[in-house]
>>> print(open('upload-v9.cif').read())   # mmCIF, C-alpha atoms
data_model
#
loop_
_atom_site.group_PDB
_atom_site.id
_atom_site.type_symbol
_atom_site.label_atom_id
_atom_site.label_comp_id
_atom_site.auth_asym_id
_atom_site.auth_seq_id
_atom_site.Cartn_x
_atom_site.Cartn_y
_atom_site.Cartn_z
ATOM 1 C CA MET D 2 100.463 9.395 116.456
ATOM 2 C CA THR D 3 99.094 5.894 116.567
ATOM 3 C CA GLN D 4 95.479 4.910 116.267
ATOM 4 C CA ALA D 5 93.775 4.378 119.637
ATOM 5 C CA PRO D 6 93.431 0.694 120.612
ATOM 6 C CA ASN D 7 90.335 -1.085 119.320
ATOM 7 C CA THR D 8 89.313 1.828 117.095
ATOM 8 C CA VAL D 9 88.457 -0.374 114.113
ATOM 9 C CA ALA D 10 86.870 -3.171 116.155
ATOM 10 C CA LEU D 11 84.689 -0.724 118.067
ATOM 11 C CA ASP D 12 83.673 1.013 114.864
ATOM 12 C CA GLU D 13 82.652 -2.308 113.313
ATOM 13 C CA ALA D 14 80.769 -3.474 116.402
ATOM 14 C CA MET D 15 78.770 -0.260 116.571
ATOM 15 C CA GLU D 16 78.109 -0.211 112.860
ATOM 16 C CA GLU D 17 76.641 -3.699 113.121
ATOM 17 C CA MET D 18 74.320 -2.617 115.952
ATOM 18 C CA VAL D 19 73.217 0.484 114.067
ATOM 19 C CA ARG D 20 72.509 -1.593 110.952
ATOM 20 C CA ALA D 21 70.462 -4.031 113.035
ATOM 21 C CA LEU D 22 68.438 -1.148 114.475
ATOM 22 C CA HIS D 23 67.701 0.330 111.060
ATOM 23 C CA ALA D 24 66.772 -3.066 109.630
ATOM 24 C CA THR D 25 64.413 -3.711 112.543
ATOM 25 C CA VAL D 26 62.703 -0.320 112.237
ATOM 26 C CA ASN D 27 62.422 -0.609 108.453
ATOM 27 C CA ARG D 28 60.935 -4.088 108.708
ATOM 28 C CA ALA D 29 58.292 -2.955 111.193
ATOM 29 C CA LEU D 30 57.212 0.432 109.799
ATOM 30 C CA PRO D 31 55.180 -0.924 106.835
ATOM 31 C CA HIS D 32 53.273 -3.271 109.193
ATOM 32 C CA VAL D 33 52.146 -0.873 111.905
ATOM 33 C CA THR D 34 48.480 -1.388 111.060
ATOM 34 C CA ASP D 35 48.417 -4.977 109.843
ATOM 35 C CA ASP D 36 50.841 -6.883 112.066
ATOM 36 C CA PRO D 37 50.963 -5.593 115.646
ATOM 37 C CA GLU D 38 52.882 -8.633 116.875
ATOM 38 C CA LEU D 39 55.708 -8.020 114.415
ATOM 39 C CA VAL D 40 55.820 -4.359 115.443
ATOM 40 C CA ASP D 41 55.852 -5.163 119.154
ATOM 41 C CA GLN D 42 58.667 -7.656 118.618
ATOM 42 C CA ALA D 43 60.587 -5.047 116.601
ATOM 43 C CA LEU D 44 60.195 -2.528 119.416
ATOM 44 C CA ARG D 45 61.451 -5.075 121.936
ATOM 45 C CA ASP D 46 64.430 -5.806 119.683
ATOM 46 C CA CYS D 47 65.206 -2.091 119.259
ATOM 47 C CA THR D 48 65.027 -1.577 123.019
ATOM 48 C CA GLU D 49 67.377 -4.489 123.593
ATOM 49 C CA ILE D 50 69.941 -3.270 121.049
ATOM 50 C CA LEU D 51 69.788 0.318 122.295
ATOM 51 C CA ASP D 52 70.261 -0.869 125.873
ATOM 52 C CA VAL D 53 73.463 -2.594 124.776
ATOM 53 C CA VAL D 54 74.668 0.494 122.880
ATOM 54 C CA LEU D 55 73.989 2.889 125.753
ATOM 55 C CA GLU D 56 75.417 0.527 128.354
ATOM 56 C CA GLY D 57 78.639 0.891 126.393
ATOM 57 C CA ASN D 58 80.237 -2.287 127.694
ATOM 58 C CA VAL D 59 82.933 -2.138 125.066
ATOM 59 C CA SER D 60 85.095 -4.945 126.432
ATOM 60 C CA GLU D 61 82.122 -7.299 126.142
ATOM 61 C CA TRP D 62 81.453 -6.220 122.535
ATOM 62 C CA LEU D 63 85.039 -6.855 121.633
ATOM 63 C CA GLY D 64 85.066 -10.342 123.082
ATOM 64 C CA SER D 65 86.504 -9.866 126.565
ATOM 65 C CA ALA D 66 89.540 -7.868 125.460
ATOM 66 C CA PRO D 67 89.436 -4.731 127.612
ATOM 67 C CA ALA D 68 89.376 -1.476 125.645
ATOM 68 C CA GLY D 69 92.893 -0.189 125.555
ATOM 69 C CA ALA D 70 94.466 -3.643 125.822
ATOM 70 C CA MET C 29 95.997 38.879 114.097
ATOM 71 C CA GLU C 30 97.653 35.765 112.726
ATOM 72 C CA THR C 31 96.689 34.504 109.287
ATOM 73 C CA PRO C 32 94.024 31.802 109.662
ATOM 74 C CA PHE C 33 95.194 28.260 108.927
ATOM 75 C CA LYS C 34 93.953 27.194 105.481
ATOM 76 C CA GLU C 35 95.442 23.750 104.921
ATOM 77 C CA LYS C 36 93.464 20.509 104.808
ATOM 78 C CA LEU C 37 94.845 17.742 106.999
ATOM 79 C CA GLU C 38 94.374 13.998 107.145
ATOM 80 C CA ALA C 39 94.754 11.946 110.337
ATOM 81 C CA ALA C 40 98.363 11.120 109.440
ATOM 82 C CA ASP C 41 99.201 14.848 109.313
ATOM 83 C CA VAL C 42 97.891 15.644 112.786
ATOM 84 C CA PRO C 43 101.008 14.495 114.736
ATOM 85 C CA LYS C 44 103.067 17.013 112.762
ATOM 86 C CA MET C 45 100.848 19.882 113.921
ATOM 87 C CA PRO C 46 101.525 22.058 116.982
ATOM 88 C CA ALA C 47 100.204 20.789 120.298
ATOM 89 C CA GLU C 48 97.532 23.480 120.353
ATOM 90 C CA TYR C 49 95.977 22.184 117.127
ATOM 91 C CA GLN C 50 96.071 18.585 118.342
ATOM 92 C CA ASP C 51 94.522 19.547 121.687
ATOM 93 C CA LEU C 52 91.740 21.586 120.091
ATOM 94 C CA LEU C 53 90.933 18.886 117.542
ATOM 95 C CA LYS C 54 90.795 16.189 120.218
ATOM 96 C CA ARG C 55 88.662 18.412 122.422
ATOM 97 C CA VAL C 56 86.149 19.215 119.708
ATOM 98 C CA LEU C 57 85.846 15.554 118.677
ATOM 99 C CA ALA C 58 85.348 14.442 122.285
ATOM 100 C CA ILE C 59 82.640 17.070 122.822
ATOM 101 C CA GLN C 60 80.923 16.164 119.554
ATOM 102 C CA ALA C 61 80.948 12.456 120.456
ATOM 103 C CA ASP C 62 79.551 13.296 123.894
ATOM 104 C CA CYS C 63 76.715 15.351 122.399
ATOM 105 C CA GLU C 64 75.830 12.725 119.792
ATOM 106 C CA ILE C 65 75.375 9.899 122.292
ATOM 107 C CA GLY C 66 74.079 12.239 125.003
ATOM 108 C CA GLY C 67 70.766 12.631 123.176
ATOM 109 C CA PRO C 68 69.738 8.950 123.217
ATOM 110 C CA HIS C 69 70.754 8.757 126.868
ATOM 111 C CA LEU C 70 68.183 11.473 127.568
ATOM 112 C CA TYR C 71 65.189 9.821 125.953
ATOM 113 C CA VAL C 72 65.555 6.135 125.037
ATOM 114 C CA LYS C 73 64.609 4.730 128.445
ATOM 115 C CA THR C 74 61.757 7.139 129.073
ATOM 116 C CA ILE C 75 60.320 8.008 125.671
ATOM 117 C CA LEU C 76 60.805 4.914 123.493
ATOM 118 C CA PRO C 77 58.219 2.931 125.484
ATOM 119 C CA ALA C 78 55.980 5.966 126.095
ATOM 120 C CA ALA C 79 55.671 7.580 122.664
ATOM 121 C CA PRO C 80 51.984 7.936 121.741
ATOM 122 C CA THR C 81 51.864 5.572 118.750
ATOM 123 C CA LYS C 82 53.833 2.616 117.444
ATOM 124 C CA VAL C 83 55.033 4.755 114.542
ATOM 125 C CA ASP C 84 56.307 7.367 116.986
ATOM 126 C CA GLN C 85 58.050 4.650 119.006
ATOM 127 C CA LEU C 86 59.766 3.357 115.883
ATOM 128 C CA ILE C 87 60.795 6.882 114.940
ATOM 129 C CA VAL C 88 62.334 7.367 118.388
ATOM 130 C CA ALA C 89 64.276 4.137 117.855
ATOM 131 C CA ARG C 90 65.432 5.288 114.418
ATOM 132 C CA THR C 91 66.447 8.694 115.783
ATOM 133 C CA ALA C 92 68.501 7.037 118.519
ATOM 134 C CA ALA C 93 70.095 4.726 115.918
ATOM 135 C CA GLU C 94 71.119 7.718 113.805
ATOM 136 C CA GLU C 95 72.583 9.549 116.798
ATOM 137 C CA ALA C 96 74.486 6.401 117.815
ATOM 138 C CA ASP C 97 75.836 6.236 114.274
ATOM 139 C CA HIS C 98 76.932 9.874 114.448
ATOM 140 C CA TYR C 99 78.754 9.024 117.679
ATOM 141 C CA ARG C 100 80.393 6.063 115.890
ATOM 142 C CA LYS C 101 81.618 8.219 113.020
ATOM 143 C CA VAL C 102 83.086 10.851 115.342
ATOM 144 C CA ALA C 103 84.582 8.177 117.629
ATOM 145 C CA ARG C 104 86.316 6.646 114.607
ATOM 146 C CA LEU C 105 87.874 10.003 113.710
ATOM 147 C CA ALA C 106 88.989 10.469 117.316
ATOM 148 C CA GLY C 107 90.426 6.940 117.412
ATOM 149 C CA ASP C 108 92.337 7.571 114.204
ATOM 150 C CA ILE C 109 94.203 10.447 115.872
ATOM 151 C CA GLY C 110 94.870 8.421 119.017
ATOM 152 C CA LEU C 111 91.943 9.485 121.205
ATOM 153 C CA ASP C 112 89.791 6.758 122.742
ATOM 154 C CA VAL C 113 86.297 8.125 123.416
ATOM 155 C CA SER C 114 84.642 4.776 124.165
ATOM 156 C CA GLY C 115 84.179 5.768 127.824
ATOM 157 C CA ILE C 116 81.808 8.507 126.658
ATOM 158 C CA LEU C 117 79.256 5.880 125.613
ATOM 159 C CA SER C 118 78.316 4.994 129.178
ATOM 160 C CA ARG C 119 79.097 8.303 130.889
ATOM 161 C CA PRO C 120 76.322 9.230 133.357
ATOM 162 C CA ASN C 121 74.067 12.039 132.128
ATOM 163 C CA ARG C 122 75.118 14.319 134.985
ATOM 164 C CA GLU C 123 78.697 14.209 133.646
ATOM 165 C CA ARG C 124 77.842 15.145 130.058
ATOM 166 C CA TYR C 125 79.920 17.989 128.698
ATOM 167 C CA VAL C 126 76.975 20.177 127.702
ATOM 168 C CA ASN C 127 74.362 21.127 130.277
ATOM 169 C CA ALA C 128 71.430 20.341 127.953
ATOM 170 C CA PHE C 129 72.358 16.641 128.080
ATOM 171 C CA ARG C 130 72.602 16.336 131.865
ATOM 172 C CA GLY C 131 68.993 15.596 132.747
ATOM 173 C CA GLU C 132 66.303 13.359 131.367
ATOM 174 C CA ILE C 133 63.452 13.868 128.928
ATOM 175 C CA THR C 134 60.269 12.751 130.605
ATOM 176 C CA SER C 135 57.426 13.648 128.241
ATOM 177 C CA TRP C 136 56.541 13.394 124.571
ATOM 178 C CA GLU C 137 56.175 17.169 124.408
ATOM 179 C CA GLU C 138 59.690 17.554 125.741
ATOM 180 C CA PHE C 139 61.031 15.112 123.157
ATOM 181 C CA ALA C 140 59.396 17.241 120.452
ATOM 182 C CA VAL C 141 60.922 20.479 121.743
ATOM 183 C CA PHE C 142 64.298 18.779 122.119
ATOM 184 C CA GLY C 143 64.256 17.986 118.408
ATOM 185 C CA PHE C 144 62.987 21.439 117.495
ATOM 186 C CA LEU C 145 65.471 23.454 119.583
ATOM 187 C CA ILE C 146 68.408 21.281 120.646
ATOM 188 C CA ASP C 147 68.922 19.203 117.510
ATOM 189 C CA ARG C 148 68.856 22.521 115.669
ATOM 190 C CA VAL C 149 71.804 23.693 117.785
ATOM 191 C CA GLY C 150 73.408 20.369 116.912
ATOM 192 C CA ARG C 151 73.032 21.234 113.241
ATOM 193 C CA TYR C 152 74.707 24.612 113.866
ATOM 194 C CA GLN C 153 77.591 22.900 115.645
ATOM 195 C CA LEU C 154 78.055 20.489 112.764
ATOM 196 C CA GLU C 155 77.908 23.310 110.236
ATOM 197 C CA GLU C 156 80.864 24.889 112.034
ATOM 198 C CA PHE C 157 83.017 22.093 110.623
ATOM 199 C CA ILE C 158 82.021 22.510 106.963
ATOM 200 C CA GLY C 159 85.260 23.035 105.045
ATOM 201 C CA CYS C 160 87.306 22.676 108.237
ATOM 202 C CA SER C 161 91.023 21.960 108.323
ATOM 203 C CA PHE C 162 90.547 18.334 109.450
ATOM 204 C CA ALA C 163 89.296 16.845 106.182
ATOM 205 C CA PRO C 164 87.983 13.527 107.609
ATOM 206 C CA LEU C 165 85.560 15.504 109.783
ATOM 207 C CA ASP C 166 84.413 17.564 106.822
ATOM 208 C CA ARG C 167 83.739 14.363 104.864
ATOM 209 C CA ILE C 168 81.299 12.836 107.363
ATOM 210 C CA LEU C 169 79.171 15.982 107.555
ATOM 211 C CA PRO C 170 76.729 15.678 104.630
ATOM 212 C CA ASP C 171 75.097 12.448 105.858
ATOM 213 C CA VAL C 172 75.143 13.466 109.506
ATOM 214 C CA ILE C 173 73.597 16.886 108.836
ATOM 215 C CA THR C 174 70.915 15.359 106.591
ATOM 216 C CA GLU C 175 69.859 13.044 109.420
ATOM 217 C CA GLU C 176 69.881 15.897 111.934
ATOM 218 C CA LEU C 177 67.584 17.867 109.626
ATOM 219 C CA GLY C 178 65.122 14.980 109.818
ATOM 220 C CA HIS C 179 65.187 15.091 113.636
ATOM 221 C CA ILE C 180 64.698 18.869 113.629
ATOM 222 C CA ASP C 181 61.741 18.706 111.213
ATOM 223 C CA TYR C 182 60.064 15.960 113.206
ATOM 224 C CA GLY C 183 60.492 17.897 116.455
ATOM 225 C CA GLN C 184 59.308 21.117 114.862
ATOM 226 C CA ASN C 185 56.187 19.505 113.397
ATOM 227 C CA LYS C 186 55.274 17.833 116.698
ATOM 228 C CA THR C 187 55.895 21.053 118.643
ATOM 229 C CA ALA C 188 53.664 22.956 116.204
ATOM 230 C CA GLU C 189 50.920 20.315 116.562
ATOM 231 C CA PHE C 190 50.893 20.795 120.330
ATOM 232 C CA ALA C 191 50.871 24.573 119.986
ATOM 233 C CA PHE C 192 48.055 24.621 117.420
ATOM 234 C CA LYS C 193 45.843 22.477 119.658
ATOM 235 C CA GLY C 194 45.633 25.490 121.960
ATOM 236 C CA GLY C 195 44.450 25.458 125.566
ATOM 237 C CA SER C 196 46.379 23.364 128.054
ATOM 238 C CA SER C 197 48.353 21.692 125.257
ATOM 239 C CA LYS C 198 49.700 25.067 124.130
ATOM 240 C CA GLU C 199 50.422 26.097 127.721
ATOM 241 C CA ARG C 200 52.399 22.913 128.314
ATOM 242 C CA ILE C 201 54.471 23.302 125.176
ATOM 243 C CA GLN C 202 55.166 26.968 126.029
ATOM 244 C CA LYS C 203 56.513 25.915 129.432
ATOM 245 C CA ILE C 204 58.791 23.384 127.773
ATOM 246 C CA ILE C 205 59.999 25.977 125.261
ATOM 247 C CA ASP C 206 60.698 28.290 128.221
ATOM 248 C CA LEU C 207 62.777 25.517 129.808
ATOM 249 C CA TRP C 208 64.818 24.492 126.761
ATOM 250 C CA TYR C 209 65.327 27.824 124.970
ATOM 251 C CA PRO C 210 67.979 29.121 127.420
ATOM 252 C CA LYS C 211 69.703 25.719 127.358
ATOM 253 C CA ALA C 212 69.823 25.938 123.567
ATOM 254 C CA LEU C 213 71.383 29.414 123.667
ATOM 255 C CA ASP C 214 73.900 28.280 126.293
ATOM 256 C CA MET C 215 75.054 25.457 124.035
ATOM 257 C CA PHE C 216 76.901 28.006 121.875
ATOM 258 C CA GLY C 217 79.246 28.811 124.788
ATOM 259 C CA ASN C 218 80.636 32.080 126.119
ATOM 260 C CA THR C 219 80.520 35.130 123.888
ATOM 261 C CA GLY C 220 84.094 36.197 124.644
ATOM 262 C CA SER C 221 85.618 32.719 124.568
ATOM 263 C CA ARG C 222 89.312 32.797 123.690
ATOM 264 C CA ARG C 223 89.150 29.132 122.728
ATOM 265 C CA SER C 224 86.455 29.932 120.197
ATOM 266 C CA GLU C 225 88.925 32.299 118.496
ATOM 267 C CA ARG C 226 91.635 29.635 118.498
ATOM 268 C CA TYR C 227 89.267 27.145 116.837
ATOM 269 C CA ARG C 228 88.695 29.694 114.088
ATOM 270 C CA GLN C 229 92.381 30.493 113.831
ATOM 271 C CA TRP C 230 93.153 26.830 113.207
ATOM 272 C CA GLY C 231 90.354 26.434 110.703
ATOM 273 C CA LEU C 232 88.363 24.071 112.923
ATOM 274 C CA LYS C 233 85.300 26.328 113.210
ATOM 275 C CA ARG C 234 83.849 29.054 111.024
ATOM 276 C CA ARG C 235 81.968 31.361 113.368
ATOM 277 C CA THR C 236 82.444 32.815 116.827
ATOM 278 C CA ASN C 237 80.115 31.567 119.553
ATOM 279 C CA ALA C 238 78.253 34.871 119.466
ATOM 280 C CA GLN C 239 77.820 34.824 115.675
ATOM 281 C CA ALA C 240 76.449 31.293 115.659
ATOM 282 C CA ARG C 241 74.103 32.042 118.563
ATOM 283 C CA ALA C 242 72.841 35.220 116.865
ATOM 284 C CA GLU C 243 72.116 33.308 113.638
ATOM 285 C CA TYR C 244 70.304 30.612 115.613
ATOM 286 C CA ILE C 245 68.136 33.217 117.344
ATOM 287 C CA GLN C 246 67.359 34.824 114.009
ATOM 288 C CA GLU C 247 66.257 31.454 112.633
ATOM 289 C CA VAL C 248 64.362 29.980 115.565
ATOM 290 C CA ASN C 249 62.524 32.988 117.001
ATOM 291 C CA PRO C 250 60.229 33.455 113.974
ATOM 292 C CA LEU C 251 59.471 29.712 114.037
ATOM 293 C CA ILE C 252 58.380 29.931 117.676
ATOM 294 C CA GLU C 253 56.257 32.989 116.936
ATOM 295 C CA ALA C 254 54.667 31.323 113.898
ATOM 296 C CA MET C 255 53.384 28.612 116.238
ATOM 297 C CA GLY C 256 51.604 31.283 118.257
ATOM 298 C CA LEU C 257 54.080 30.851 121.106
ATOM 299 C CA THR C 258 56.099 33.467 122.961
ATOM 300 C CA VAL C 259 59.846 33.670 122.499
ATOM 301 C CA PRO C 260 61.407 33.449 125.976
ATOM 302 C CA ASP C 261 63.583 36.266 127.292
ATOM 303 C CA PRO C 262 67.068 35.344 125.995
ATOM 304 C CA ASN C 263 68.673 36.658 129.195
ATOM 305 C CA VAL C 264 66.680 34.544 131.635
ATOM 306 C CA GLY C 265 67.945 31.186 132.875
ATOM 307 C CA ARG C 266 71.240 31.481 131.052
ATOM 308 C CA GLU C 267 74.532 30.035 132.219
ATOM 309 C CA PHE C 268 76.775 31.399 129.442
ATOM 310 C CA VAL C 269 76.288 34.812 127.860
#
>>> encode(input="upload-v9.cif", output="structure tokens")
Amino acid sequence: MTQAPNTVALDEAMEEMVRALHATVNRALPHVTDDPELVDQALRDCTEILDVVLEGNVSEWLGSAPAGA
Amino acid sequence: METPFKEKLEAADVPKMPAEYQDLLKRVLAIQADCEIGGPHLYVKTILPAAPTKVDQLIVARTAAEEADHYRKVARLAGDIGLDVSGILSRPNRERYVNAFRGEITSWEEFAVFGFLIDRVGRYQLEEFIGCSFAPLDRILPDVITEELGHIDYGQNKTAEFAFKGGSSKERIQKIIDLWYPKALDMFGNTGSRRSERYRQWGLKRRTNAQARAEYIQEVNPLIEAMGLTVPDPNVGREFV
């Protein structure tokens, strides 16, 4: 049985997005009371990243190579 | 009854296994991936911008990040045995495998109950795989279960806060419990499922659907009662019994 196409690339792309989300949340949490602008920007960034994750446009993540190619 | 399968397999061993084992393993990984990413699809659009405080909004984002990471880990295992589950990422909610993931969460109270009841079922489903015959799945469990416990605690604490406020707040949270409790029980599947027995036979799950559901009821009912809420009738609103 062979590995499904793009398994590693997809794993790496998602891991990068998850890391970015965690870093954004962790950067904002200590500043909820003293830096509302930073927190608002973090929330916008999280929303943007999560939109990309949930849209699931894998071929775009992997640089135009269609999943399964 | 056949002797239950006791071996531990790696991805490279799977092609040597009978078709039934391969089919069941692929099925369970696809369902798990669907459930992991199904949660964020229910609440990110509606609840991330609407959570009551900035801290709550950030916690919603972190919860979604953890669920996306659980999806990633399961998708990697599926990919390693030749199953591409990338299409599950963008599957419309109405096509989700489990009924509980087919709608949308529209209120903060509902998000709390989802964590309290549905993420708890998620923990039960993950616990099924502890010590399972597919070793790579067993290995990802400790981190994934730890994160699920965080989601459950958060949901439980928020649900309790609403209940303890009393009045209309308590009434609202009771209605949401009434809505999600039968969905939670349904998530364990049919009591007499033959497939459930085959999963156990192949060492992919530990308990029958009925056993897991009974243990869940035993755990969650006292928690609902301790909040001063009423445990819904377990036979009302059910799809699978």
>>> interface_residues(input="upload-v9.cif", of="chain D", to="chain C", cutoff="6 Å", atoms="only C-alpha atoms", output="list in words")
Met2, Thr3, Gln4, Ala5, Thr8, Val19, Val26, Leu55, Glu56 and Gly57 of chain D
>>> residues_near_point(input="upload-v9.cif", point="(79.8, 23.1, 110.7)", cutoff="9 Å", atoms="all atoms listed in the file", output="PyMOL selection string")
chain C and resi 151-160+166+169+173+232-235
>>> atom_distance(input="upload-v9.cif", atom1="CA of Glu48 (chain C)", atom2="CA of Arg226 (chain C)")
8.7 Å
>>> resolve_selection(input="upload-v9.cif", expression="the PyMOL selection byres ((chain D and resi 47) around 9)", output="PDB file with C-alpha atoms, in the coordinates of the input")
ATOM      1  CA  ALA D  21      70.462  -4.031 113.035  1.00  0.00           C
ATOM      2  CA  LEU D  22      68.438  -1.148 114.475  1.00  0.00           C
ATOM      3  CA  HIS D  23      67.701   0.330 111.060  1.00  0.00           C
ATOM      4  CA  THR D  25      64.413  -3.711 112.543  1.00  0.00           C
ATOM      5  CA  VAL D  26      62.703  -0.320 112.237  1.00  0.00           C
ATOM      6  CA  GLN D  42      58.667  -7.656 118.618  1.00  0.00           C
ATOM      7  CA  ALA D  43      60.587  -5.047 116.601  1.00  0.00           C
ATOM      8  CA  LEU D  44      60.195  -2.528 119.416  1.00  0.00           C
ATOM      9  CA  ARG D  45      61.451  -5.075 121.936  1.00  0.00           C
ATOM     10  CA  ASP D  46      64.430  -5.806 119.683  1.00  0.00           C
ATOM     11  CA  THR D  48      65.027  -1.577 123.019  1.00  0.00           C
ATOM     12  CA  GLU D  49      67.377  -4.489 123.593  1.00  0.00           C
ATOM     13  CA  ILE D  50      69.941  -3.270 121.049  1.00  0.00           C
ATOM     14  CA  LEU D  51      69.788   0.318 122.295  1.00  0.00           C
ATOM     15  CA  ASP D  52      70.261  -0.869 125.873  1.00  0.00           C
TER      16      ASP D  52
ATOM     17  CA  LEU C  86      59.766   3.357 115.883  1.00  0.00           C
ATOM     18  CA  ALA C  89      64.276   4.137 117.855  1.00  0.00           C
ATOM     19  CA  ARG C  90      65.432   5.288 114.418  1.00  0.00           C
TER      20      ARG C  90
END
>>> atom_distance(input="upload-v9.cif", atom1="CA of Glu267 (chain C)", atom2="CA of Phe129 (chain C)")
14.2 Å
>>> decode(input="upload-v9.cif", residues="region 182-215 of chain C", atoms="C-alpha atoms", output="CSV table (one decimal), in the first residue's frame")
chain,number,residue,atom,x,y,z
C,182,TYR,CA,-14.0,24.9,29.5
C,183,GLY,CA,-17.4,23.9,28.2
C,184,GLN,CA,-18.4,22.4,31.5
C,185,ASN,CA,-17.4,25.4,33.5
C,186,LYS,CA,-19.2,27.8,31.2
C,187,THR,CA,-22.3,25.6,31.2
C,188,ALA,CA,-22.3,25.6,35.0
C,189,GLU,CA,-21.9,29.4,35.1
C,190,PHE,CA,-25.0,29.7,33.0
C,191,ALA,CA,-26.9,27.2,35.1
C,192,PHE,CA,-25.9,28.8,38.5
C,193,LYS,CA,-27.1,32.2,37.3
C,194,GLY,CA,-30.6,30.8,37.5
C,195,GLY,CA,-33.7,32.4,36.0
C,196,SER,CA,-33.8,32.8,32.2
C,197,SER,CA,-30.1,31.9,31.9
C,198,LYS,CA,-30.7,28.5,33.5
C,199,GLU,CA,-33.8,28.0,31.4
C,200,ARG,CA,-31.8,28.7,28.2
C,201,ILE,CA,-29.0,26.4,29.1
C,202,GLN,CA,-31.5,23.6,30.0
C,203,LYS,CA,-33.1,23.9,26.6
C,204,ILE,CA,-29.7,23.6,25.0
C,205,ILE,CA,-28.9,20.6,27.1
C,206,ASP,CA,-32.2,19.1,26.0
C,207,LEU,CA,-31.2,19.6,22.4
C,208,TRP,CA,-27.6,18.2,22.5
C,209,TYR,CA,-28.0,15.4,25.0
C,210,PRO,CA,-29.8,13.0,22.6
C,211,LYS,CA,-27.2,14.0,19.9
C,212,ALA,CA,-24.5,13.0,22.3
C,213,LEU,CA,-26.0,9.6,23.0
C,214,ASP,CA,-26.6,9.0,19.3
C,215,MET,CA,-22.9,9.6,18.6
